[in-house]
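Presented below is the structure to which this report refers.
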Amino acid sequence: MSSRLKESEVLKYAFYMIASGIGIAVPMSYAVIYFTDQLMISAAIVGTLLLVARIIDFAVSLSAGAIMQKANLKWGKYRSWLLILRWVVLVGISLQFLNTSSLPLGMRLIIVTLGYFMLHFSMNFIALAQFGVLAVMAGTSMEDRTRLSTRASQASTIGRIITSASVIPIINYFTPIVGSANAYLVVAAPFALIMVIGAGVMCKAAEPYDQQGAEAKVGRPTVTVRDMVDSVITNKQLLILVLTNTLSMVAGQAQMGIAAYYFMYVLGNFTLMAVAMTISTVFGFFAALIGPQIGRRLGKKRAMIFGLFISFAASITIMFFASASVTIYIVITCLRSIGMYSYMCFGQNYVLDAAEYGYNQTGKDSRTVAMSMNNIPIKIGFALGGALGTFGLSLIGYTAGMAATPEFISSFMWIFGGIPAALYLVATLVMQFGYKITDEDAARYAAENAARRAAIATPPPPTV
C-alpha cells in the first residue's frame with residue numbers, strides 16, 4: 001500500500017520524539033548524582049533503591065501490553081495513554097528533583113521513589129502507546145511505517161544534540177541564582193513540560209486514526225490472558241527479534257557503562273570523554289541522514305545484519321587499536337553510527353512486523369502485547385550490560401585511583417571491546433539464521449490482517 005500520510009502528520013509524530021528526548025533527559029542522566037550529591041542519600045542506599053525499583057519496573061513493563069490490549073479508553077486505544085500519562089511523567093520528574101534535603105531520610109526516599117515510579121511506570125505505557133500510534137497512523141502502508149520511524153530516529157538524534165549541549169550549561173547558569181539543589185528542578189520541570197506539549201501535538205495528528213472505541217466496535221473475538229501469553233511464547237519470530245535486540249543492548253550498555261574508565265585510565269585524560277561524546281553526537285545527526293538511505297536499499301532484515309556486523313567490527317577495532325589514540329576511537333564510533341542508523345531507522349517496525357506475523361498465524365489480535373516486548377531488551381540491557389562491565393573490572397583487578405599498567409590496559413580493552421564484539425557477533429548470527437520475515441511477508445501479513453478485521457466488522461447480510 002502506498003503512502004497515505006501528509007508530511008505535516010509525519011513531522012508532528014517526529015516532533016514528539018524530540019520533545020520526549022528533551023523531557024526525560026535530566027532524570028535519565030542526572031537523577032543518581034542529584035540523589036547522592038544534593039539530597040545527601042548514600043550511594044549504597046541509592047543503588048539498593050534503584051535495583052528494587054528496576055525489578056518492579058521490569059514487571060510493570062511485562063504487564064503493560066496485556067493491560068493496553070484489554071483497555072479501550074475514552075480518547076482512543078493508544079492516544080488516551082499519552083494524553084493522561086504525560087502529566088504523570090511531569091509530576092514524577094518534578095518529585096525526583098524536588099529539594100527535600102531538609103527532610104528526614106525516610107521522607108526523602110518516599111518522595112524520590114514515588115517520583116521514580118511515576119516516571120518509569122508511565123514511560124512503559126507511553127512507549128508502547130507511541131508504537132501503537134505509529135501502527136494506526138500508517139495502517140498497512142509499509143512506506144508510511146518507514147517514514148514515521150525514520151523521522152522519529154532522526155528527531156531523537158536532534159533531541160540528544162539539544163540536551164547534550166544545553167542541560168549542564170543551563171543548570172550551571174541557574175545554580176548561583178536558585179542554589180545547586182534547586183537548579184536541577186528549574187531545568188527538569190520545563191523540559192518535561194516540552195514533552196507534555198509534544199505528546200499533545202502527536203495525539204492531535206493521530207486523532208483521525210485512533211478513534212474512541214474503535215477496537216470495541218470491530219467486534220473481534222475475545223482475546224484471553226492465555227491467548228496473550230501464547231502470542232509471545234509461540235511467536236518464534238518475535239522471540240528471535242527479542243533475543244537479537246537483547247544481545248545488542250547488553251553489548252552496548254556493557255561498553256557504555258565503562259567508557260569513563262577508558263578515558264580516565266587507558267587514555268589518562270577524562271576530559272577527552274566530553275570531546276568524544278560531543279563529536280560523536282553531532283556526527284550522529286549526519287549518520288541519521290545517511291544510514292536510512294542504506295537501510296532502505298538493504299531492507300529491514302539485511303539492514304539489521306549489516307548494522308550489527310558493523311558494531312562487531314567496530315568493537316574489535318577498538319579493542320586492538322584504540323588504546324593509544326582517542327582519534328581512532330572517535331572515528332570508529334562515528335562510522336559505527338552509520339551502521340546503527342541503517343536499521344534503527346526502522347525502529348519499532350521490526351516488532352510490529354513480528355506482531356503482524358503472530359496475528360496472521362493465530363487469528364488472535366494480540367499485537368499490542370507483542371509490541372510491548374520491545375521494552376524487554378532495553379530493560380535487560382541496562383541491568384545486565386552494566387553489571388557485565390563492572391564485574392569485568394573486578395576480574396582484572398581494578399581499584400579506584402590505581403595506576404594503569406600495560407597489563408591492566410590490555411585486559412581492560414578486551415572487556416571494553418572484546419565482550420561487546422562477541423555479543424554483537426552472536427546477535428548478527430541469530431538475526432541471519434533465525435529471522436525469516438521479509439519485507440514482502442510483512443506487507444502481506446499487514447494487508448491480510450486488515451482484511452480479516454474488516455470482514456469481522458462487516459455485519460452479515462439480512463436473511464430473507
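Each chain in the C-alpha cells gets a letter, A, B, ..., in the order shown, and its residues are numbered from 1; ligands are numbered from 1 in order too.
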List every residue of segment 290-366 of chain A that has an atom at most 12 Å from any atom of segment 122-145 of chain A, giving for each one its closest atom pair and the distance in Å to one decimal, counting only C-alpha atoms, sorted by chain and then by ascending residue number, as a tab-separated table.
```
residue	atom	partner	partner_atom	distance
A:Arg296	CA	A:Glu143	CA	10.2
A:Gly299	CA	A:Met142	CA	11.4
A:Lys300	CA	A:Met142	CA	11.1
A:Cys345	CA	A:Arg145	CA	10.3
A:Phe346	CA	A:Arg145	CA	8.0
A:Gly347	CA	A:Phe131	CA	9.3
A:Gln348	CA	A:Phe131	CA	6.5
A:Asn349	CA	A:Arg145	CA	6.8
A:Tyr350	CA	A:Arg145	CA	10.4
A:Val351	CA	A:Phe131	CA	9.3
A:Leu352	CA	A:Ala135	CA	7.7
A:Asp353	CA	A:Met142	CA	9.9
A:Ala355	CA	A:Ala135	CA	10.8
A:Glu356	CA	A:Thr140	CA	10.2
```
Task: Spatial neighbours of Ser411 of chain A, 10 Å, only C-alpha atoms, chain gap at least 2 places, as a list in words - done: Met319, Gly392, Leu393, Leu395, Ile396, Gly397, Thr405, Pro406, Glu407, Phe408, Ile409, Met413, Trp414, Ile415, Phe416 and Gly418 of chain A
Please produce an output containing C-alpha atoms for each residue in the selection, written as a compact mmCIF listing (two decimals), in the first residue's frame.
```txt
# COMPACT_ATOMS: atom_id res chain seq x y z
CA MET A 319 39.91 -3.48 21.31
CA GLY A 392 34.77 -7.45 34.30
CA LEU A 393 36.60 -4.58 36.03
CA LEU A 395 38.07 -9.58 37.47
CA ILE A 396 41.06 -7.67 36.08
CA GLY A 397 41.93 -6.18 39.46
CA THR A 405 49.79 -0.79 33.98
CA PRO A 406 50.20 -2.12 30.41
CA GLU A 407 48.75 -5.43 31.59
CA PHE A 408 45.68 -3.71 33.05
CA ILE A 409 45.16 -1.69 29.87
CA MET A 413 40.50 -3.34 26.22
CA TRP A 414 39.45 -6.98 25.95
CA ILE A 415 36.49 -6.18 28.21
CA PHE A 416 35.76 -2.81 26.61
CA GLY A 418 36.09 -7.90 23.12
```
Task: Shell around Ile290 of chain A at 12 Å using only C-alpha atoms, local window under 5 positions removed, as a ChimeraX atom specification - done: /A:150,153-154,283-285,295-297,334-345
Task: segment 266-281 of chain A environment, 10 Å, only C-alpha atoms, sequence neighbours closer than 3 positions dropped, as an MDAnalysis selection string - done: chainID A and resid 157:158 160:162 164:165 259:263 284:287 322:327 329:337 403:406 408:410 412:413
May I have the residues from that selection written out with C-alpha atoms, as a CSV table (one decimal), in the first residue's frame?
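Generated file (selection_14.csv):
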```csv
chain,number,residue,atom,x,y,z
A,157,THR,CA,19.1,12.4,17.4
A,158,ILE,CA,18.2,16.1,17.3
A,160,ARG,CA,20.1,14.3,22.0
A,161,ILE,CA,22.2,17.0,20.4
A,162,ILE,CA,20.0,19.7,22.1
A,164,SER,CA,23.9,17.2,25.5
A,165,ALA,CA,24.7,20.9,24.6
A,259,ALA,CA,33.6,4.1,28.9
A,260,ALA,CA,34.6,6.6,31.6
A,261,TYR,CA,37.3,4.2,32.7
A,262,TYR,CA,38.7,4.1,29.2
A,263,PHE,CA,39.2,7.8,29.1
A,284,GLY,CA,25.1,11.1,14.7
A,285,PHE,CA,22.8,13.7,13.0
A,286,PHE,CA,24.6,13.1,9.7
A,287,ALA,CA,24.5,9.3,10.3
A,322,ALA,CA,42.0,2.5,20.4
A,323,SER,CA,44.1,2.1,23.5
A,324,ALA,CA,46.7,4.6,22.2
A,325,SER,CA,44.5,7.2,20.4
A,326,VAL,CA,41.2,8.9,21.1
A,327,THR,CA,41.1,9.8,17.4
A,329,TYR,CA,38.1,5.7,19.0
A,330,ILE,CA,36.1,8.8,17.7
A,331,VAL,CA,36.4,7.8,14.1
A,332,ILE,CA,35.3,4.2,14.8
A,333,THR,CA,32.4,5.4,16.9
A,334,CYS,CA,31.2,7.8,14.2
A,335,LEU,CA,31.5,5.1,11.4
A,336,ARG,CA,29.6,2.7,13.6
A,337,SER,CA,26.7,5.1,14.0
A,403,ALA,CA,48.0,3.4,38.2
A,404,ALA,CA,47.1,1.7,35.0
A,405,THR,CA,49.8,-0.8,34.0
A,406,PRO,CA,50.2,-2.1,30.4
A,408,PHE,CA,45.7,-3.7,33.0
A,409,ILE,CA,45.2,-1.7,29.9
A,410,SER,CA,45.4,-4.8,27.7
A,412,PHE,CA,40.6,-3.7,30.0
A,413,MET,CA,40.5,-3.3,26.2
```
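Distances from A:Tyr398, A:Arg151, A:Arg302, A:Gly200 to Ile84 of chain A were compared using only C-alpha atoms, and the smallest one belongs to A:Gly200.
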Closest pair table for segment 19-51 of chain A residues within 8 Å of segment 97-108 of chain A, only C-alpha atoms, as a tab-separated table:
```
residue	atom	partner	partner_atom	distance
A:Ala31	CA	A:Phe97	CA	7.6
A:Tyr34	CA	A:Phe97	CA	7.4
A:Gln38	CA	A:Ser101	CA	7.0
A:Leu39	CA	A:Ser101	CA	4.6
A:Met40	CA	A:Ser101	CA	6.8
A:Ile41	CA	A:Leu105	CA	7.5
```
- [ ] Compile the contact shell of Ile305 of chain A as a ChimeraX atom specification: residues with an atom at most 8 Å away, counting only C-alpha atoms, same-chain residues fewer than 3 positions apart removed.
- [x] /A:301-302,308-309,428,431-432
For the selection you just gave me, I'd like the residues written to a file as a PDB file, in the first residue's frame, keeping C-alpha atoms.
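Saved to result.pdb:
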```
ATOM      1  CA  LYS A 301      16.470  -7.820   7.879  1.00  0.00           C
ATOM      2  CA  ARG A 302      19.678  -7.210   5.936  1.00  0.00           C
ATOM      3  CA  LEU A 308      25.134  -5.416  13.937  1.00  0.00           C
ATOM      4  CA  PHE A 309      28.133  -6.654  11.972  1.00  0.00           C
ATOM      5  CA  THR A 428      24.312 -10.959  13.915  1.00  0.00           C
ATOM      6  CA  MET A 431      19.327 -12.494  13.068  1.00  0.00           C
ATOM      7  CA  GLN A 432      20.864 -14.020   9.950  1.00  0.00           C
TER       8      GLN A 432
END
```
Open item on the list: Nearest residue to Val201 of chain A out of A:Tyr357, A:Tyr30, A:Phe433, A:Phe15, using only C-alpha atoms?
Closed with: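 Among the listed residues, the smallest separation from Val201 of chain A belongs to A:Phe15.
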TODO: Kindly give the distance, in Å, that separates atom CA of Met118 of chain A and atom CA of Gly92 of chain A, rounded to a single decimal.
DONE: 4.8 Å
- [ ] For Val26 of chain A, list every protein, DNA or RNA residue within 9 Å, evaluated using only C-alpha atoms, and leave out those in the same chain fewer than 2 positions away; present the list as a list in words.
- [x]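 Here the answer would be Ile22, Gly23, Ile24, Met28, Ser29, Tyr30, Ala31, Ile93, Thr163, Val167, Tyr184, Val187, Ala188, Phe191 and Ala192 of chain A.
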Atoms to include: C-alpha atoms. Write the selected residues as a PDB file, in the first residue's frame.
```pdb
ATOM      1  CA  ILE A  22      14.239  16.574  25.925  1.00  0.00           C
ATOM      2  CA  GLY A  23      11.604  15.785  28.545  1.00  0.00           C
ATOM      3  CA  ILE A  24      13.324  12.783  30.087  1.00  0.00           C
ATOM      4  CA  MET A  28      17.758   9.705  32.778  1.00  0.00           C
ATOM      5  CA  SER A  29      21.243  11.223  33.004  1.00  0.00           C
ATOM      6  CA  TYR A  30      21.432  13.149  36.262  1.00  0.00           C
ATOM      7  CA  ALA A  31      18.999  11.596  38.757  1.00  0.00           C
ATOM      8  CA  ILE A  93      10.130  14.161  37.210  1.00  0.00           C
ATOM      9  CA  THR A 163      20.157  18.122  25.564  1.00  0.00           C
ATOM     10  CA  VAL A 167      21.442  20.694  30.196  1.00  0.00           C
ATOM     11  CA  TYR A 184      18.014  20.766  38.553  1.00  0.00           C
ATOM     12  CA  VAL A 187      15.659  22.675  34.201  1.00  0.00           C
ATOM     13  CA  ALA A 188      13.884  19.318  34.593  1.00  0.00           C
ATOM     14  CA  PHE A 191      11.921  20.202  29.873  1.00  0.00           C
ATOM     15  CA  ALA A 192       9.237  17.742  30.994  1.00  0.00           C
TER      16      ALA A 192
END
```
Open item on the list: Nearest residue to Asn182 of chain A out of A:Thr113, A:Val46, A:Ala59, A:Ser94, using only C-alpha atoms?
Closed with: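 Of A:Thr113, A:Val46, A:Ala59, A:Ser94, the one nearest Asn182 of chain A is A:Ser94, counting only C-alpha atoms.
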